[in-house]
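Enquirer: My questions will all concern the structure given below.
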Amino acid sequence: MGFELDHIFVCVEPEAPEAEFLKGFGFQESNRRTHTGQGTANVCFLFHNAYLELLWLRDINEILSSVVRPLGLWERCNWQETQACPFGISLRSNVPGSLELPFATWNYYAPYLPAGASIPIAANSENLSEPLIFMSPVSRIPSASPLKRGLLVNKPGFDEITKLRVTLVGEKNFSAELRKLTELGLVELERGDRFHLEIEFNQAQKGQIELFDSTLPISFRW
């Protein structure tokens, strides 16, 4: 069974003012969604094979509920104060309908999903110094969806995400779950003095890089 990157989330300020950086760079906002019962909302930017999600805190009571709290989303959304990792990495299987990940997981019964439906969450979710790792319930790439094709970014050089490089803070060993992502070739890891996510597009054929404001801890390489 093989796995692919489905999307990455980055926690941002309420209503995602950071989205303006991305739109100013030339990306097209695809959609916004409220995660009813989870206490979060998002705005997404689609690419051919995956997408980037900006996620923010919407309702503190929902995000601190007994169902949602184990995700650590409150700490992640307040990452500049809590020092929690503000990233999440979502995978999809190349086997349609499969929700099995290659490491231990627990089932998150997201309040916004249909009754009985769940999302597999990697067992390292308690480690807030690492990204939240989970399986997407959707197994189709954006370019395969007729509803999403018109929302794909058309900026030259930004068709596909081809590499993720994640910089994490601290000196502890990376978890087995995170190391598995490196073994699968889905992410590169390094240690640094701040959280950072570098997203490579189209094998970085043009040799260019763009860094954003410190409140949006990401950079693009293309």
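Naming works like this for the structure tokens: A, B, ... for the chains as they're shown, residue 1 at the start of each chain, ligands 1 onward in shown order.
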What are the nearest atom pairs, with distances in Å to one decimal, for all residues of segment 134-205 of chain A that come at most 8 Å from segment 45-60 of chain A, using only C-alpha atoms, set out by chain and rising residue number as JSON lines?
Expert:
```
{"residue": "A:Ile141", "atom": "CA", "partner": "A:Asn49", "partner_atom": "CA", "distance": 5.2}
{"residue": "A:Pro142", "atom": "CA", "partner": "A:His48", "partner_atom": "CA", "distance": 5.6}
{"residue": "A:Ser143", "atom": "CA", "partner": "A:His48", "partner_atom": "CA", "distance": 4.9}
{"residue": "A:Leu151", "atom": "CA", "partner": "A:Leu46", "partner_atom": "CA", "distance": 6.7}
{"residue": "A:Leu152", "atom": "CA", "partner": "A:Leu46", "partner_atom": "CA", "distance": 5.2}
{"residue": "A:Val153", "atom": "CA", "partner": "A:Phe47", "partner_atom": "CA", "distance": 5.8}
{"residue": "A:Phe158", "atom": "CA", "partner": "A:Phe47", "partner_atom": "CA", "distance": 7.3}
{"residue": "A:Asp159", "atom": "CA", "partner": "A:His48", "partner_atom": "CA", "distance": 5.6}
{"residue": "A:Glu160", "atom": "CA", "partner": "A:His48", "partner_atom": "CA", "distance": 5.4}
{"residue": "A:Ile161", "atom": "CA", "partner": "A:Ala50", "partner_atom": "CA", "distance": 6.7}
```
Enquirer: Output the selection as a short mmCIF file (atom, residue, chain, number, x, y, z; two decimals), in the first residue's frame - N, CA and C atoms for each residue.
Expert:
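Saved result, selection17.cif, follows:
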```
data_model
loop_
_atom_site.label_atom_id
_atom_site.label_comp_id
_atom_site.auth_asym_id
_atom_site.auth_seq_id
_atom_site.Cartn_x
_atom_site.Cartn_y
_atom_site.Cartn_z
N ILE A 141 -7.04 13.11 -5.67
CA ILE A 141 -6.23 14.31 -5.79
C ILE A 141 -7.10 15.44 -6.36
N PRO A 142 -6.78 16.71 -6.05
CA PRO A 142 -7.62 17.81 -6.52
C PRO A 142 -7.84 17.83 -8.03
N SER A 143 -6.80 17.51 -8.80
CA SER A 143 -6.94 17.59 -10.26
C SER A 143 -7.87 16.52 -10.82
N LEU A 151 -10.53 25.51 -9.67
CA LEU A 151 -9.97 26.25 -8.55
C LEU A 151 -8.46 26.08 -8.41
N LEU A 152 -7.86 25.28 -9.29
CA LEU A 152 -6.43 25.02 -9.20
C LEU A 152 -5.62 26.26 -9.52
N VAL A 153 -4.53 26.43 -8.82
CA VAL A 153 -3.66 27.58 -9.02
C VAL A 153 -3.03 27.51 -10.39
N PHE A 158 3.92 26.34 -10.21
CA PHE A 158 3.30 25.90 -8.96
C PHE A 158 2.19 24.90 -9.22
N ASP A 159 2.47 23.91 -10.05
CA ASP A 159 1.46 22.91 -10.36
C ASP A 159 1.35 21.86 -9.25
N GLU A 160 2.48 21.28 -8.85
CA GLU A 160 2.46 20.19 -7.89
C GLU A 160 3.42 20.45 -6.73
N ILE A 161 3.02 20.01 -5.55
CA ILE A 161 3.92 19.99 -4.40
C ILE A 161 4.80 18.75 -4.53
#
```
Enquirer: Would you give me, as number ranges by chain, the residues in segment 32-128 of chain A that DSSP reads as strand (DSSP E or B)?
Expert: A: 32-35, 40-46, 51-57, 87-93, 105-108, 119-122
Enquirer: Store the residues picked out above in a file with C-alpha atoms, as an mmCIF file, in the first residue's frame.
Expert:
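Produced file selection.cif, reproduced below:
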```cif
data_model
loop_
_atom_site.group_PDB
_atom_site.id
_atom_site.type_symbol
_atom_site.label_atom_id
_atom_site.label_comp_id
_atom_site.auth_asym_id
_atom_site.auth_seq_id
_atom_site.Cartn_x
_atom_site.Cartn_y
_atom_site.Cartn_z
ATOM 1 C CA ARG A 32 -13.460 28.505 3.244
ATOM 2 C CA ARG A 33 -15.094 26.113 5.676
ATOM 3 C CA THR A 34 -16.278 26.094 9.269
ATOM 4 C CA HIS A 35 -15.611 22.865 11.172
ATOM 5 C CA THR A 40 -11.947 25.756 13.869
ATOM 6 C CA ALA A 41 -12.358 27.201 10.385
ATOM 7 C CA ASN A 42 -10.106 27.281 7.351
ATOM 8 C CA VAL A 43 -9.205 28.688 3.981
ATOM 9 C CA CYS A 44 -7.585 26.469 1.350
ATOM 10 C CA PHE A 45 -5.299 26.897 -1.644
ATOM 11 C CA LEU A 46 -5.415 24.028 -4.145
ATOM 12 C CA TYR A 51 -3.479 21.602 -1.029
ATOM 13 C CA LEU A 52 -2.427 24.077 1.647
ATOM 14 C CA GLU A 53 -4.870 24.806 4.467
ATOM 15 C CA LEU A 54 -4.720 27.813 6.792
ATOM 16 C CA LEU A 55 -6.513 26.839 10.017
ATOM 17 C CA TRP A 56 -7.660 29.052 12.878
ATOM 18 C CA LEU A 57 -9.476 28.988 16.215
ATOM 19 C CA PHE A 87 1.547 22.208 11.350
ATOM 20 C CA GLY A 88 -0.526 19.207 10.367
ATOM 21 C CA ILE A 89 0.240 16.635 7.666
ATOM 22 C CA SER A 90 -2.601 14.712 6.053
ATOM 23 C CA LEU A 91 -2.031 11.610 3.953
ATOM 24 C CA ARG A 92 -4.191 9.688 1.537
ATOM 25 C CA SER A 93 -3.905 6.100 0.410
ATOM 26 C CA THR A 105 -3.490 5.363 15.204
ATOM 27 C CA TRP A 106 -6.606 6.289 17.137
ATOM 28 C CA ASN A 107 -9.988 7.270 15.704
ATOM 29 C CA TYR A 108 -11.129 10.869 15.897
ATOM 30 C CA ILE A 119 -10.381 10.168 10.953
ATOM 31 C CA PRO A 120 -7.327 8.045 11.860
ATOM 32 C CA ILE A 121 -4.877 10.124 13.918
ATOM 33 C CA ALA A 122 -1.248 9.081 14.398
#
```
Enquirer: Neighbours of Lys163 of chain A within 9 Å (only C-alpha atoms; same-chain residues fewer than 5 positions away dropped), as an MDAnalysis selection string?
Expert: chainID A and resid 185:188 198:203
Enquirer: Among segment 32-88 of chain A, which residues carry a DSSP assignment of helix (DSSP H, G or I), reported as JSON, numbers by chain?
Expert: {"A": [60, 61, 62, 63, 69, 70, 71, 73, 74, 75, 76, 77, 79, 80, 81, 82]}
Enquirer: Generate a file of the selected residues that holds N, CA and C atoms, formatted as a PDB file, in the first residue's frame.
Expert:
```pdb
ATOM      1  N   ILE A  60     -13.699  28.573  21.262  1.00  0.00           N
ATOM      2  CA  ILE A  60     -12.842  27.980  22.277  1.00  0.00           C
ATOM      3  C   ILE A  60     -13.523  26.848  23.023  1.00  0.00           C
ATOM      4  N   ASN A  61     -14.834  26.917  23.216  1.00  0.00           N
ATOM      5  CA  ASN A  61     -15.535  25.844  23.918  1.00  0.00           C
ATOM      6  C   ASN A  61     -15.526  24.551  23.107  1.00  0.00           C
ATOM      7  N   GLU A  62     -15.716  24.666  21.805  1.00  0.00           N
ATOM      8  CA  GLU A  62     -15.694  23.475  20.957  1.00  0.00           C
ATOM      9  C   GLU A  62     -14.299  22.869  20.880  1.00  0.00           C
ATOM     10  N   ILE A  63     -13.291  23.703  20.731  1.00  0.00           N
ATOM     11  CA  ILE A  63     -11.932  23.185  20.545  1.00  0.00           C
ATOM     12  C   ILE A  63     -11.388  22.542  21.817  1.00  0.00           C
ATOM     13  N   ARG A  69     -10.176  17.928  22.181  1.00  0.00           N
ATOM     14  CA  ARG A  69      -8.975  18.294  22.937  1.00  0.00           C
ATOM     15  C   ARG A  69      -7.762  17.410  22.662  1.00  0.00           C
ATOM     16  N   PRO A  70      -7.931  16.070  22.490  1.00  0.00           N
ATOM     17  CA  PRO A  70      -6.738  15.234  22.245  1.00  0.00           C
ATOM     18  C   PRO A  70      -5.932  15.596  20.997  1.00  0.00           C
ATOM     19  N   LEU A  71      -6.514  16.373  20.080  1.00  0.00           N
ATOM     20  CA  LEU A  71      -5.779  16.790  18.882  1.00  0.00           C
ATOM     21  C   LEU A  71      -4.744  17.869  19.183  1.00  0.00           C
ATOM     22  N   LEU A  73      -5.374  21.025  19.175  1.00  0.00           N
ATOM     23  CA  LEU A  73      -5.591  22.137  18.245  1.00  0.00           C
ATOM     24  C   LEU A  73      -5.581  23.495  18.946  1.00  0.00           C
ATOM     25  N   TRP A  74      -6.037  23.536  20.203  1.00  0.00           N
ATOM     26  CA  TRP A  74      -5.993  24.826  20.909  1.00  0.00           C
ATOM     27  C   TRP A  74      -4.544  25.279  21.045  1.00  0.00           C
ATOM     28  N   GLU A  75      -3.671  24.364  21.470  1.00  0.00           N
ATOM     29  CA  GLU A  75      -2.260  24.707  21.614  1.00  0.00           C
ATOM     30  C   GLU A  75      -1.630  25.049  20.269  1.00  0.00           C
ATOM     31  N   ARG A  76      -2.007  24.331  19.233  1.00  0.00           N
ATOM     32  CA  ARG A  76      -1.432  24.582  17.913  1.00  0.00           C
ATOM     33  C   ARG A  76      -1.891  25.932  17.356  1.00  0.00           C
ATOM     34  N   CYS A  77      -3.158  26.264  17.581  1.00  0.00           N
ATOM     35  CA  CYS A  77      -3.665  27.546  17.090  1.00  0.00           C
ATOM     36  C   CYS A  77      -3.068  28.721  17.859  1.00  0.00           C
ATOM     37  N   TRP A  79       0.143  28.748  18.867  1.00  0.00           N
ATOM     38  CA  TRP A  79       1.509  28.238  18.871  1.00  0.00           C
ATOM     39  C   TRP A  79       2.567  29.262  19.271  1.00  0.00           C
ATOM     40  N   GLN A  80       2.347  30.521  18.993  1.00  0.00           N
ATOM     41  CA  GLN A  80       3.376  31.509  19.327  1.00  0.00           C
ATOM     42  C   GLN A  80       3.481  31.730  20.828  1.00  0.00           C
ATOM     43  N   GLU A  81       2.407  31.378  21.573  1.00  0.00           N
ATOM     44  CA  GLU A  81       2.449  31.461  23.029  1.00  0.00           C
ATOM     45  C   GLU A  81       2.763  30.112  23.672  1.00  0.00           C
ATOM     46  N   THR A  82       2.223  29.020  23.102  1.00  0.00           N
ATOM     47  CA  THR A  82       2.375  27.698  23.702  1.00  0.00           C
ATOM     48  C   THR A  82       3.624  26.961  23.232  1.00  0.00           C
TER      49      THR A  82
END
```
Enquirer: If you measure from atom CA of Leu184 of chain A to atom CA of Ala117 of chain A, what distance in Å do you get, rounded to one decimal?
Expert: 26.7 Å
Enquirer: Tell me, in Å to one decimal, how far atom CA of Asn78 of chain A is from atom CA of Ile8 of chain A.
Expert: 17.5 Å
Enquirer: Just how far from atom CA of Pro131 of chain A is atom CA of Gly24 of chain A, in Å to one decimal?
Expert: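 So the two atoms, atom CA of Gly24 of chain A and atom CA of Pro131 of chain A, lie 26.7 Å apart.
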Enquirer: Please determine, counting only C-alpha atoms, which residue among A:Asp213, A:Glu29, A:Glu130, A:Glu20 has the shortest atom-to-atom distance to Ala176 of chain A.
Expert: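 That would be A:Glu130, the residue with the smallest distance to Ala176 of chain A.
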Enquirer: Find the residue from A:Val67, A:Val138, A:Ile209, A:Leu168 that sits nearest to Gly39 of chain A; use only C-alpha atoms when measuring.
Expert: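 Counting only C-alpha atoms, the residue closest to Gly39 of chain A is A:Val67.
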Enquirer: For Asn94 of chain A, please output as number ranges by chain all residues within 12 Å (counting only C-alpha atoms; exclusion window: fewer than 3 positions along the same chain).
Expert: A: 1-6, 91, 97-101, 135-136, 138-141
Enquirer: Tell me, as a PyMOL selection string, which residues lie within 9 Å of Glu190 of chain A, counting only C-alpha atoms; anything in the same chain fewer than 2 positions away does not count.
Expert: chain A and resi 165-169+188+192
